[in-house]
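Participant: Take a look at the following structure, please.
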Protein chains: 4
Amino acid sequence: MDTGRLEAFSDGVLAIIITIMVLELKVPHGADFPALWSLLPVFLSYVLSFVYLGIYWNNHHHMLQVASRVSGSILWANLHLLFWLSLVPIVTGWMGENNFAPAPTALYGVVLLIAAIAYWILQRAIIAEEEGESSLLAAAVGSDLKGKLSPVLYAVAIPSAFVHEGISGGLYVLVALIWLIPDRRIERALAKQRGHGNE
Amino acid sequence: MDTGRLEAFSDGVLAIIITIMVLELKVPHGADFPALWSLLPVFLSYVLSFVYLGIYWNNHHHMLQVASRVSGSILWANLHLLFWLSLVPIVTGWMGENNFAPAPTALYGVVLLIAAIAYWILQRAIIAEEEGESSLLAAAVGSDLKGKLSPVLYAVAIPSAFVHEGISGGLYVLVALIWLIPDRRIERALAKQRGHGNE
Amino acid sequence: MDTGRLEAFSDGVLAIIITIMVLELKVPHGADFPALWSLLPVFLSYVLSFVYLGIYWNNHHHMLQVASRVSGSILWANLHLLFWLSLVPIVTGWMGENNFAPAPTALYGVVLLIAAIAYWILQRAIIAEEEGESSLLAAAVGSDLKGKLSPVLYAVAIPSAFVHEGISGGLYVLVALIWLIPDRRIERALAKQRGHGNE
Amino acid sequence: MDTGRLEAFSDGVLAIIITIMVLELKVPHGADFPALWSLLPVFLSYVLSFVYLGIYWNNHHHMLQVASRVSGSILWANLHLLFWLSLVPIVTGWMGENNFAPAPTALYGVVLLIAAIAYWILQRAIIAEEEGESSLLAAAVGSDLKGKLSPVLYAVAIPSAFVHEGISGGLYVLVALIWLIPDRRIERALAKQRGHGNE
């Protein structure tokens with residue numbers, strides 16, 4: 001199996017997840033701005049999750065560009081990641097509708113943490129299918145500071161929700177900002193390889 | 001018609017089915033963990049159906065790789081399969097929301113059983129379009145132990161729901177586990193053919 | 001613009017329409033078979049609409065295979081068709097939930113009728129973009145018995161709903177059956193052209 | 001990264017947005033035509049938004065045809081545009097359900113205005129990635145009358161909603177009509193380039 005259909009299917013699922021999330025933004029009952037104002041926490045949590053899913057889509061695309069074949073373990077590691085990402089809309093809605101109450105805010109971090117682990121598992125599956133540690137992706141991710149920092153920050157954010165939800169919220173925004181800087185490592189490694197090929 | 005657009009359409013429908021299923025996971029009303037806990041049966045049935053649809057997507061992809069043309073009968077056999085799979089979200093929601101009560105648990109098995117039959121019909125349609133029984137797919141599926149065992153297990157699970165829903169649930173998990181092992185038969189047959197071509 | 005992205009977008013919209021229709025099948029409140037039984041009219045109307053959308057997807061695909069370029073008028077004629085098809089889920093739900101009452105059953109026919117006209121407009125736009133009446137598609141559709149018969153049957157079915165809804169329902173099923181036979185005219189014309197090319 | 005996957009993902013999101021919007025058209029409770037009649041404002045706002053999203057899909061497609069590479073800034077400018085377009089269904093529903101009341105009608109214009117700005121940002125990002133102001137797209141958009149007129153008309157329409165909602169509604173329809181004429185500028189520039197290439 002080549003990566004084309006896997007990418008297309010993942011894109012489809014991610015596009016649907018990112019879009020059905022907007023269904024949590026229920027049409028307000030009143031026709032005035034106060035009615036709209038009450039949507040603000042749901043809207044803010046929607047913005048945050050939209051950015052997260054955009055980051056996942058972007059990084060997922062970069063990572064799969066390096067993969068040349070799709071084994072059974074890659075396929076299931078990918079579905080496993082999509083499963084946890086598919087829970088983002090519901091935890092987003094729960095967090096927003098309850099105005100960032102402790103339990104929903106903590107759960108949001110739990111889903112992000114497991115999704116990060118699922119992403120890491122997928123990365124290992126692709127590296128294992130390629131030439132092992134010497135593969136292009138392994139070289140590209142290198143020490144992988146971002147990938148190691150994010151779960152740590154999530155793990156701090158989860159219990160922090162019970163101290164003050166602002167800490168967790170701030171940490172979620174921080175991780176998003178760290179990742180918003182696109183992952184140039186893989187791009188650079190690919191560019192270098194092409195450079196070597198041209199020599 | 002080539003298989004490209006059929007695959008793309010099927011992928012689209014499967015991606016949507018797998019994702020709208022998460023809409024059955026309604027945002028809980030309370031903001032604490034007991035409110036979340038009440039979602040557990042719906043969550044478990046969601047996990048089970050996600051795995052089943054992942055299996056169908058995976059096997060569907062492998063099967064269509066063998067098909068070279070799409071006849072009218074393949075097209076409608078494929079839509080017929082997608083129809084039954086499109087009922088998975090509602091029976092999943094019904095089973096989960098009623099905490100695996102007998103009738104919903106039995107109905108879940110009925111839909112799985114008919115979907116399995118629909119898959120078998122699609123397989124026959126593809127084999128018929130190719131060179132008949134001597135085709136690559138026919139050779140690959142061979143005695144097709146899994147394909148014959150699953151409907152039998154579903155047929156046992158359906159009445160068992162009225163004895164104890166645990167029996168049915170266990171059988172559904174068992175069939176999923178049997179299929180989680182990816183279908184290497186077709187991969188092997190394809191690899192063998194390529195091997196012959198290279199000789 | 002080539003037809004690829006138009007086809008992909010149309011497939012996406014059709015896949016979503018066909019799948020969100022299942023959301024009208026609301027999870028029943030009771031956990032027994034009588035609760036399920038009350039879903040029967042909604043289920044039957046879902047089956048009918050699924051078949052109709054399958055027919056549209058199939059014929060749409062055949063028709064676009066003949067088109068070589070996409071002009072602005074083709075693009076908007078296509079969106080116009082998709083608009084009316086996007087109304088199929090709501091009229092399906094309305095008809096099913098009201099147990100095939102006269103007004104919803106008539107409206108269902110109205111949407112089918114306008115969709116058929118929209119399809120015909122799209123067909124004319126493609127023929128106009130190609131070599132006019134002498135084009136492959138014009139030759140393929142020829143006298144177009146099915147295409148002329150369907151609107152007539154819809155036009156009969158709409159007022160009949162106020163006499164007896166069974167007449168309308170029967171006519172909708174009849175039109176679906178007429179179209180279920182795949183449109184071999186275009187396939188034949190394409191095959192003939194390829195035959196001429198090889199001579 | 002080439003533009004293929006970006007286009008496919010954007011198409012997917014746009015197809016889903018355009019289709020879930022129909023979910024705001026709730027199945028009416030009565031089974032007669034007065035019940036249907038109450039849906040009219042929601043239906044009219046649905047038609048308007050369907051046309052707007054069709055225009056965005058069309059123009060988006062034309063614009064991306066000119067782009068040859070996808071940088072990080074293009075990718076995020078594109079996601080930014082999709083974010084604002086994803087809010088179209090909810091503001092459509094809010095406007096329709098409240099029968100074009102001032103606040104929802106104004107908000108509809110706000111979302112259209114920001115989406116127009118997001119589209120302009122994406123256009124600048126593509127031009128910057130290509131050869132700067134001398135690029136094909138820069139030449140094609142030229143003075144960009146439509147692109148400059150639309151935000152002005154939205155900016156007039158937003159406060160007008162509090163004077164009379166008919167003014168805003170009329171302006172929204174006017175902008176849609178202006179854009180319905182497909183963007184032939186880019187098509188012409190592309191055709192000219194091909195012409196030069198052939199000389």
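A note on labels: chains of the structure tokens are A, B, ... as shown, every chain counts residues from 1, and ligands are counted from 1 in their shown order.
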Quick one: residues within 10 Å of Tyr56 (chain A), only C-alpha atoms, excluding same-chain residues fewer than 5 positions away - as a list in words?
Facilitator: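 Returned residues: Leu14, Phe50, Val51, His61, His62, Leu81, Leu85, Ala115, Ala116, Tyr119 and Trp179 of chain A.
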Participant: With all heavy atoms retained, could you export that selection as a tab-separated table (two decimals), in the first residue's frame?
Facilitator:
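Listing of out.tsv after writing:
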```
chain	number	residue	atom	x	y	z
A	14	LEU	N	-9.64	14.30	9.41
A	14	LEU	CA	-9.25	15.54	10.07
A	14	LEU	C	-10.13	16.71	9.63
A	14	LEU	O	-10.53	17.54	10.45
A	14	LEU	CB	-7.77	15.86	9.80
A	14	LEU	CG	-6.78	15.00	10.60
A	14	LEU	CD1	-5.36	15.21	10.10
A	14	LEU	CD2	-6.86	15.35	12.08
A	50	PHE	N	-9.15	24.30	17.01
A	50	PHE	CA	-8.93	24.46	15.57
A	50	PHE	C	-7.43	24.57	15.30
A	50	PHE	O	-6.90	23.93	14.38
A	50	PHE	CB	-9.67	25.71	15.08
A	50	PHE	CG	-9.76	25.84	13.58
A	50	PHE	CD1	-10.91	25.43	12.92
A	50	PHE	CD2	-8.72	26.36	12.84
A	50	PHE	CE1	-11.01	25.54	11.54
A	50	PHE	CE2	-8.81	26.47	11.45
A	50	PHE	CZ	-9.96	26.07	10.81
A	51	VAL	N	-6.74	25.38	16.11
A	51	VAL	CA	-5.30	25.55	15.94
A	51	VAL	C	-4.58	24.21	16.17
A	51	VAL	O	-3.72	23.81	15.38
A	51	VAL	CB	-4.76	26.64	16.87
A	51	VAL	CG1	-3.24	26.66	16.87
A	51	VAL	CG2	-5.31	28.01	16.46
A	61	HIS	N	1.10	15.67	7.81
A	61	HIS	CA	1.45	15.71	6.39
A	61	HIS	C	2.96	15.64	6.19
A	61	HIS	O	3.46	14.89	5.34
A	61	HIS	CB	0.89	16.99	5.77
A	61	HIS	CG	1.30	17.16	4.36
A	61	HIS	ND1	0.86	16.34	3.36
A	61	HIS	CD2	2.17	18.03	3.79
A	61	HIS	CE1	1.41	16.71	2.23
A	61	HIS	NE2	2.21	17.73	2.46
A	62	HIS	N	3.69	16.43	6.98
A	62	HIS	CA	5.15	16.42	6.85
A	62	HIS	C	5.71	15.04	7.14
A	62	HIS	O	6.58	14.55	6.45
A	62	HIS	CB	5.77	17.44	7.81
A	62	HIS	CG	5.83	18.81	7.24
A	62	HIS	ND1	4.79	19.71	7.37
A	62	HIS	CD2	6.78	19.45	6.50
A	62	HIS	CE1	5.11	20.83	6.74
A	62	HIS	NE2	6.30	20.71	6.22
A	81	LEU	N	-4.22	7.29	16.33
A	81	LEU	CA	-4.10	8.75	16.48
A	81	LEU	C	-5.41	9.45	16.13
A	81	LEU	O	-5.89	10.33	16.85
A	81	LEU	CB	-2.96	9.26	15.59
A	81	LEU	CG	-2.83	10.78	15.45
A	81	LEU	CD1	-2.51	11.42	16.79
A	81	LEU	CD2	-1.75	11.14	14.44
A	85	LEU	N	-7.87	12.03	18.28
A	85	LEU	CA	-8.19	13.36	17.76
A	85	LEU	C	-9.70	13.52	17.57
A	85	LEU	O	-10.24	14.62	17.69
A	85	LEU	CB	-7.46	13.62	16.44
A	85	LEU	CG	-5.93	13.72	16.57
A	85	LEU	CD1	-5.31	13.94	15.20
A	85	LEU	CD2	-5.52	14.85	17.51
A	115	ALA	N	-3.14	11.98	22.62
A	115	ALA	CA	-2.95	12.20	21.19
A	115	ALA	C	-1.47	12.41	20.87
A	115	ALA	O	-0.97	11.91	19.85
A	115	ALA	CB	-3.78	13.40	20.71
A	116	ALA	N	-0.77	13.13	21.77
A	116	ALA	CA	0.67	13.34	21.56
A	116	ALA	C	1.41	12.02	21.61
A	116	ALA	O	2.33	11.77	20.80
A	116	ALA	CB	1.22	14.31	22.61
A	119	TYR	N	0.73	10.15	18.47
A	119	TYR	CA	1.53	10.70	17.37
A	119	TYR	C	2.95	10.15	17.43
A	119	TYR	O	3.53	9.77	16.42
A	119	TYR	CB	1.56	12.23	17.46
A	119	TYR	CG	2.20	12.90	16.29
A	119	TYR	CD1	1.48	13.14	15.13
A	119	TYR	CD2	3.53	13.30	16.33
A	119	TYR	CE1	2.07	13.76	14.04
A	119	TYR	CE2	4.12	13.91	15.25
A	119	TYR	CZ	3.39	14.15	14.11
A	119	TYR	OH	3.98	14.75	13.03
A	179	TRP	N	4.23	24.96	18.64
A	179	TRP	CA	4.08	24.16	17.42
A	179	TRP	C	3.69	24.99	16.21
A	179	TRP	O	3.89	24.55	15.07
A	179	TRP	CB	3.03	23.06	17.63
A	179	TRP	CG	3.58	21.91	18.39
A	179	TRP	CD1	3.35	21.61	19.70
A	179	TRP	CD2	4.48	20.90	17.92
A	179	TRP	NE1	4.03	20.49	20.07
A	179	TRP	CE2	4.73	20.03	18.99
A	179	TRP	CE3	5.09	20.64	16.69
A	179	TRP	CZ2	5.58	18.92	18.88
A	179	TRP	CZ3	5.92	19.54	16.57
A	179	TRP	CH2	6.16	18.70	17.65
```
Participant: Can you check which residues of chain B have any atom within 7 Å of chain C? Use only C-alpha atoms and format it as a tab-separated table (two decimals) with N, CA and C atoms, in the first residue's frame.
Facilitator:
```
chain	number	residue	atom	x	y	z
B	9	PHE	N	-14.65	7.87	-3.12
B	9	PHE	CA	-15.99	8.06	-2.59
B	9	PHE	C	-16.21	7.18	-1.35
B	12	GLY	N	-14.42	8.62	1.54
B	12	GLY	CA	-15.13	9.78	2.05
B	12	GLY	C	-16.27	9.35	2.95
B	13	VAL	N	-17.09	8.40	2.45
B	13	VAL	CA	-18.23	7.95	3.24
B	13	VAL	C	-17.76	7.30	4.55
B	16	ILE	N	-16.57	9.86	7.02
B	16	ILE	CA	-17.68	10.59	7.63
B	16	ILE	C	-18.40	9.71	8.66
B	17	ILE	N	-18.65	8.43	8.29
B	17	ILE	CA	-19.33	7.53	9.23
B	17	ILE	C	-18.54	7.42	10.52
B	72	GLY	N	-21.05	-2.03	-13.11
B	72	GLY	CA	-22.24	-1.56	-12.41
B	72	GLY	C	-22.54	-2.40	-11.18
B	86	SER	N	-23.33	2.57	7.19
B	86	SER	CA	-23.83	3.88	7.63
B	86	SER	C	-24.80	3.74	8.80
B	90	ILE	N	-25.84	4.69	14.40
B	90	ILE	CA	-27.09	4.70	15.17
B	90	ILE	C	-27.20	3.48	16.07
B	93	GLY	N	-24.92	4.05	18.99
B	93	GLY	CA	-25.51	4.97	19.96
B	93	GLY	C	-26.62	4.32	20.76
B	94	TRP	N	-27.46	3.53	20.08
B	94	TRP	CA	-28.58	2.88	20.77
B	94	TRP	C	-28.08	1.91	21.82
B	98	ASN	N	-28.22	2.71	26.05
B	98	ASN	CA	-29.04	1.83	26.85
B	98	ASN	C	-28.21	0.82	27.62
B	101	ALA	N	-28.26	-2.99	26.68
B	101	ALA	CA	-29.50	-3.75	26.91
B	101	ALA	C	-29.65	-4.79	25.80
B	103	ALA	N	-31.99	-5.85	23.47
B	103	ALA	CA	-32.43	-5.57	22.11
B	103	ALA	C	-31.38	-4.76	21.31
B	104	PRO	N	-30.85	-3.65	21.86
B	104	PRO	CA	-29.84	-2.92	21.09
B	104	PRO	C	-28.58	-3.73	20.83
```
Participant: For Thr105 (chain C), please output as a list in words all residues within 9 Å (counting only C-alpha atoms; exclusion window: fewer than 2 positions along the same chain).
Facilitator: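 Contacts, with the query itself left out: Val91, Thr92, Trp94, Met95, Gly96, Phe100, Ala101, Pro102, Ala103, Leu107, Tyr108, Gly109, Val110, Ala157, Ile158, Ala161, Phe162, Glu165, Ser168 and Gly169 of chain C.
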Participant: Could you save those same residues with all heavy atoms as a short mmCIF file (atom, residue, chain, number, x, y, z; two decimals), in the first residue's frame?
Facilitator:
```cif
data_model
loop_
_atom_site.label_atom_id
_atom_site.label_comp_id
_atom_site.auth_asym_id
_atom_site.auth_seq_id
_atom_site.Cartn_x
_atom_site.Cartn_y
_atom_site.Cartn_z
N VAL C 91 -35.88 16.81 3.48
CA VAL C 91 -37.21 16.36 3.03
C VAL C 91 -37.41 14.88 3.32
O VAL C 91 -38.53 14.43 3.58
CB VAL C 91 -37.48 16.68 1.54
CG1 VAL C 91 -37.59 18.19 1.34
CG2 VAL C 91 -36.43 16.10 0.62
N THR C 92 -36.30 14.11 3.31
CA THR C 92 -36.39 12.70 3.71
C THR C 92 -36.82 12.59 5.15
O THR C 92 -37.71 11.80 5.50
CB THR C 92 -35.01 12.03 3.52
OG1 THR C 92 -34.59 12.19 2.17
CG2 THR C 92 -35.07 10.56 3.88
N TRP C 94 -38.37 14.83 6.96
CA TRP C 94 -39.73 15.35 7.14
C TRP C 94 -40.76 14.31 6.74
O TRP C 94 -41.75 14.07 7.43
CB TRP C 94 -39.91 16.66 6.34
CG TRP C 94 -41.04 17.51 6.83
CD1 TRP C 94 -41.39 17.73 8.12
CD2 TRP C 94 -41.94 18.28 6.04
NE1 TRP C 94 -42.45 18.59 8.19
CE2 TRP C 94 -42.83 18.94 6.92
CE3 TRP C 94 -42.09 18.48 4.67
CZ2 TRP C 94 -43.84 19.78 6.48
CZ3 TRP C 94 -43.10 19.31 4.22
CH2 TRP C 94 -43.97 19.96 5.12
N MET C 95 -40.49 13.65 5.59
CA MET C 95 -41.42 12.63 5.09
C MET C 95 -41.46 11.44 6.05
O MET C 95 -42.53 10.94 6.40
CB MET C 95 -40.97 12.19 3.70
CG MET C 95 -41.89 11.20 3.03
SD MET C 95 -41.48 10.95 1.28
CE MET C 95 -39.96 10.00 1.40
N GLY C 96 -40.28 10.98 6.49
CA GLY C 96 -40.23 9.80 7.36
C GLY C 96 -40.84 10.05 8.72
O GLY C 96 -41.61 9.22 9.23
N PHE C 100 -45.05 9.55 6.02
CA PHE C 100 -45.49 9.74 4.63
C PHE C 100 -46.81 10.51 4.53
O PHE C 100 -47.69 10.17 3.74
CB PHE C 100 -45.61 8.39 3.91
CG PHE C 100 -44.30 7.66 3.82
CD1 PHE C 100 -43.90 6.79 4.81
CD2 PHE C 100 -43.45 7.87 2.74
CE1 PHE C 100 -42.68 6.12 4.74
CE2 PHE C 100 -42.23 7.21 2.66
CZ PHE C 100 -41.85 6.33 3.66
N ALA C 101 -46.94 11.58 5.36
CA ALA C 101 -48.12 12.45 5.27
C ALA C 101 -48.10 13.17 3.92
O ALA C 101 -47.04 13.29 3.28
CB ALA C 101 -48.11 13.45 6.42
N PRO C 102 -49.28 13.67 3.44
CA PRO C 102 -49.35 14.23 2.08
C PRO C 102 -48.34 15.34 1.79
O PRO C 102 -47.58 15.24 0.82
CB PRO C 102 -50.79 14.76 1.99
CG PRO C 102 -51.55 13.92 2.96
CD PRO C 102 -50.60 13.59 4.07
N ALA C 103 -48.30 16.40 2.64
CA ALA C 103 -47.44 17.54 2.31
C ALA C 103 -45.97 17.14 2.22
O ALA C 103 -45.30 17.48 1.23
CB ALA C 103 -47.66 18.67 3.33
N LEU C 107 -43.60 17.32 -1.12
CA LEU C 107 -42.39 18.14 -1.15
C LEU C 107 -41.18 17.31 -1.57
O LEU C 107 -40.29 17.79 -2.28
CB LEU C 107 -42.14 18.76 0.22
CG LEU C 107 -41.00 19.78 0.21
CD1 LEU C 107 -41.44 21.06 -0.46
CD2 LEU C 107 -40.50 20.07 1.62
N TYR C 108 -41.14 16.06 -1.11
CA TYR C 108 -40.06 15.16 -1.51
C TYR C 108 -39.98 15.07 -3.04
O TYR C 108 -38.90 15.18 -3.62
CB TYR C 108 -40.32 13.78 -0.90
CG TYR C 108 -39.20 12.79 -1.05
CD1 TYR C 108 -38.10 12.83 -0.22
CD2 TYR C 108 -39.25 11.81 -2.04
CE1 TYR C 108 -37.07 11.92 -0.34
CE2 TYR C 108 -38.22 10.89 -2.17
CZ TYR C 108 -37.14 10.94 -1.32
OH TYR C 108 -36.11 10.04 -1.46
N GLY C 109 -41.16 14.94 -3.66
CA GLY C 109 -41.21 14.89 -5.12
C GLY C 109 -40.78 16.20 -5.75
O GLY C 109 -40.13 16.21 -6.80
N VAL C 110 -41.13 17.32 -5.11
CA VAL C 110 -40.74 18.63 -5.65
C VAL C 110 -39.22 18.74 -5.70
O VAL C 110 -38.64 19.16 -6.71
CB VAL C 110 -41.36 19.77 -4.81
CG1 VAL C 110 -40.78 21.11 -5.22
CG2 VAL C 110 -42.88 19.78 -4.94
N ALA C 157 -46.47 12.34 -9.40
CA ALA C 157 -46.41 11.89 -8.01
C ALA C 157 -46.74 13.02 -7.02
O ALA C 157 -47.33 12.77 -5.97
CB ALA C 157 -45.03 11.33 -7.70
N ILE C 158 -46.37 14.26 -7.37
CA ILE C 158 -46.55 15.37 -6.42
C ILE C 158 -48.01 15.60 -6.06
O ILE C 158 -48.38 15.51 -4.89
CB ILE C 158 -45.87 16.65 -6.96
CG1 ILE C 158 -44.35 16.44 -7.03
CG2 ILE C 158 -46.20 17.85 -6.08
CD1 ILE C 158 -43.60 17.47 -7.86
N ALA C 161 -49.88 12.77 -3.99
CA ALA C 161 -49.69 12.62 -2.55
C ALA C 161 -50.92 13.05 -1.78
O ALA C 161 -51.19 12.56 -0.67
CB ALA C 161 -48.47 13.42 -2.08
N PHE C 162 -51.70 13.98 -2.38
CA PHE C 162 -52.89 14.47 -1.68
C PHE C 162 -54.10 13.57 -1.92
O PHE C 162 -55.12 13.71 -1.26
CB PHE C 162 -53.18 15.92 -2.09
CG PHE C 162 -52.05 16.82 -1.72
CD1 PHE C 162 -51.07 17.16 -2.65
CD2 PHE C 162 -51.92 17.31 -0.41
CE1 PHE C 162 -50.00 17.97 -2.29
CE2 PHE C 162 -50.87 18.12 -0.06
CZ PHE C 162 -49.90 18.46 -1.00
N GLU C 165 -50.94 8.78 -0.43
CA GLU C 165 -49.48 8.86 -0.41
C GLU C 165 -48.83 7.60 -0.99
O GLU C 165 -47.68 7.64 -1.42
CB GLU C 165 -48.97 9.14 1.02
CG GLU C 165 -49.42 8.16 2.06
CD GLU C 165 -50.75 8.56 2.71
OE1 GLU C 165 -51.57 9.23 2.05
OE2 GLU C 165 -50.96 8.20 3.87
N SER C 168 -47.73 8.19 -4.66
CA SER C 168 -46.48 8.93 -4.78
C SER C 168 -45.30 8.03 -4.42
O SER C 168 -44.31 7.96 -5.15
CB SER C 168 -46.48 10.14 -3.85
OG SER C 168 -47.67 10.85 -3.98
N GLY C 169 -45.43 7.35 -3.27
CA GLY C 169 -44.34 6.47 -2.83
C GLY C 169 -44.01 5.44 -3.90
O GLY C 169 -42.84 5.21 -4.21
#
```
Participant: Which value, in Å to one decimal, gives the distance between CA of Tyr154 (chain B) and CA of Leu113 (chain B)?
Facilitator: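 Interatomic distance here is 5.8 Å.
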Participant: Using DSSP secondary structure from the backbone, list all helix (DSSP H, G or I) positions within region 54-184 of chain C, as a short mmCIF file (atom, residue, chain, number, x, y, z; two decimals) with C-alpha atoms, in the first residue's frame.
Facilitator:
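Final output, part.cif:
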```cif
data_model
loop_
_atom_site.label_atom_id
_atom_site.label_comp_id
_atom_site.auth_asym_id
_atom_site.auth_seq_id
_atom_site.Cartn_x
_atom_site.Cartn_y
_atom_site.Cartn_z
CA GLY C 54 -26.35 6.60 -5.22
CA ILE C 55 -27.98 6.92 -8.65
CA TYR C 56 -27.04 10.60 -8.85
CA TRP C 57 -23.46 9.88 -7.84
CA ASN C 58 -23.22 7.13 -10.44
CA ASN C 59 -24.77 9.12 -13.30
CA HIS C 60 -22.87 12.27 -12.32
CA HIS C 61 -19.65 10.34 -12.57
CA HIS C 62 -20.51 8.94 -15.98
CA MET C 63 -21.50 12.37 -17.29
CA LEU C 64 -18.34 14.10 -16.09
CA GLN C 65 -16.17 11.44 -17.70
CA VAL C 66 -17.31 12.85 -21.02
CA GLY C 72 -17.86 28.77 -15.27
CA SER C 73 -21.34 27.74 -16.37
CA ILE C 74 -20.60 24.04 -15.78
CA LEU C 75 -19.21 24.86 -12.36
CA TRP C 76 -22.30 26.78 -11.29
CA ALA C 77 -24.70 24.31 -12.90
CA ASN C 78 -22.95 21.65 -10.82
CA LEU C 79 -23.22 23.67 -7.59
CA HIS C 80 -26.88 24.29 -8.42
CA LEU C 81 -27.46 20.54 -8.66
CA LEU C 82 -25.60 19.94 -5.39
CA PHE C 83 -27.74 22.60 -3.71
CA TRP C 84 -30.96 20.76 -4.47
CA LEU C 85 -29.46 17.40 -3.58
CA SER C 86 -28.38 18.90 -0.24
CA VAL C 88 -32.73 15.64 0.19
CA PRO C 89 -31.84 14.81 3.84
CA ILE C 90 -34.29 17.32 5.29
CA VAL C 91 -37.21 16.36 3.03
CA THR C 92 -36.39 12.70 3.71
CA GLY C 93 -36.53 13.34 7.44
CA TRP C 94 -39.73 15.35 7.14
CA MET C 95 -41.42 12.63 5.09
CA GLY C 96 -40.23 9.80 7.36
CA GLU C 97 -41.01 11.45 10.68
CA PRO C 102 -49.35 14.23 2.08
CA ALA C 103 -47.44 17.54 2.31
CA PRO C 104 -44.00 16.05 3.10
CA THR C 105 -44.46 13.32 0.49
CA ALA C 106 -45.35 15.94 -2.13
CA LEU C 107 -42.39 18.14 -1.15
CA TYR C 108 -40.06 15.16 -1.51
CA GLY C 109 -41.21 14.89 -5.12
CA VAL C 110 -40.74 18.63 -5.65
CA VAL C 111 -37.10 18.42 -4.58
CA LEU C 112 -36.55 15.34 -6.77
CA LEU C 113 -38.17 17.15 -9.70
CA ILE C 114 -36.02 20.27 -9.33
CA ALA C 115 -32.90 18.12 -8.88
CA ALA C 116 -33.77 16.32 -12.12
CA ILE C 117 -34.10 19.68 -13.88
CA ALA C 118 -30.79 20.82 -12.35
CA TYR C 119 -29.17 17.64 -13.66
CA TRP C 120 -30.57 18.33 -17.12
CA ILE C 121 -29.22 21.93 -16.99
CA LEU C 122 -25.77 20.58 -16.07
CA GLN C 123 -25.98 18.14 -18.97
CA ARG C 124 -26.81 20.97 -21.39
CA ALA C 125 -23.93 23.07 -20.02
CA ILE C 126 -21.47 20.23 -20.62
CA ILE C 127 -22.81 19.60 -24.13
CA ALA C 128 -22.57 23.35 -24.91
CA GLU C 129 -18.96 23.43 -23.71
CA GLY C 132 -22.42 21.29 -29.21
CA GLU C 133 -25.05 18.85 -30.32
CA SER C 134 -22.49 16.75 -32.14
CA LEU C 136 -20.05 12.62 -27.42
CA LEU C 137 -22.45 13.28 -24.56
CA ALA C 138 -25.17 14.57 -26.87
CA ALA C 139 -24.85 11.39 -28.89
CA ALA C 140 -24.78 9.28 -25.76
CA VAL C 141 -27.87 10.69 -24.14
CA LEU C 145 -36.01 8.30 -22.49
CA LYS C 146 -35.23 7.91 -18.77
CA GLY C 147 -34.31 11.56 -18.40
CA LYS C 148 -37.59 12.62 -19.98
CA LEU C 149 -39.74 10.06 -18.19
CA SER C 150 -38.53 10.83 -14.63
CA PRO C 151 -39.74 14.44 -14.41
CA VAL C 152 -43.11 13.39 -15.82
CA LEU C 153 -43.43 10.69 -13.14
CA TYR C 154 -42.40 13.16 -10.41
CA ALA C 155 -44.95 15.68 -11.73
CA VAL C 156 -47.62 13.00 -11.45
CA ALA C 157 -46.41 11.89 -8.01
CA ILE C 158 -46.55 15.37 -6.42
CA PRO C 159 -50.31 16.01 -6.64
CA SER C 160 -51.01 12.29 -6.11
CA GLU C 165 -49.48 8.86 -0.41
CA GLY C 166 -49.07 5.26 -1.58
CA ILE C 167 -49.30 6.40 -5.22
CA SER C 168 -46.48 8.93 -4.78
CA GLY C 169 -44.34 6.47 -2.83
CA GLY C 170 -44.86 3.84 -5.51
CA LEU C 171 -43.88 6.31 -8.25
CA TYR C 172 -40.70 7.32 -6.38
CA VAL C 173 -39.74 3.67 -6.06
CA LEU C 174 -40.55 3.13 -9.75
CA VAL C 175 -38.27 5.99 -10.90
CA ALA C 176 -35.48 4.66 -8.67
CA LEU C 177 -35.86 1.20 -10.21
CA ILE C 178 -35.77 2.66 -13.74
CA TRP C 179 -32.46 4.37 -12.94
CA LEU C 180 -30.93 1.51 -10.97
CA ARG C 184 -24.88 2.04 -20.31
#
```
Participant: What is the distance, in Å and to one decimal place, between CA of Leu6 (chain A) and CA of Ala67 (chain D)?
Facilitator: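 So the answer is 24.9 Å.
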Participant: In Å, rounded to a single decimal, give me how far CA of Ser49 (chain D) is from CA of Leu87 (chain C).
Facilitator: 14.2 Å
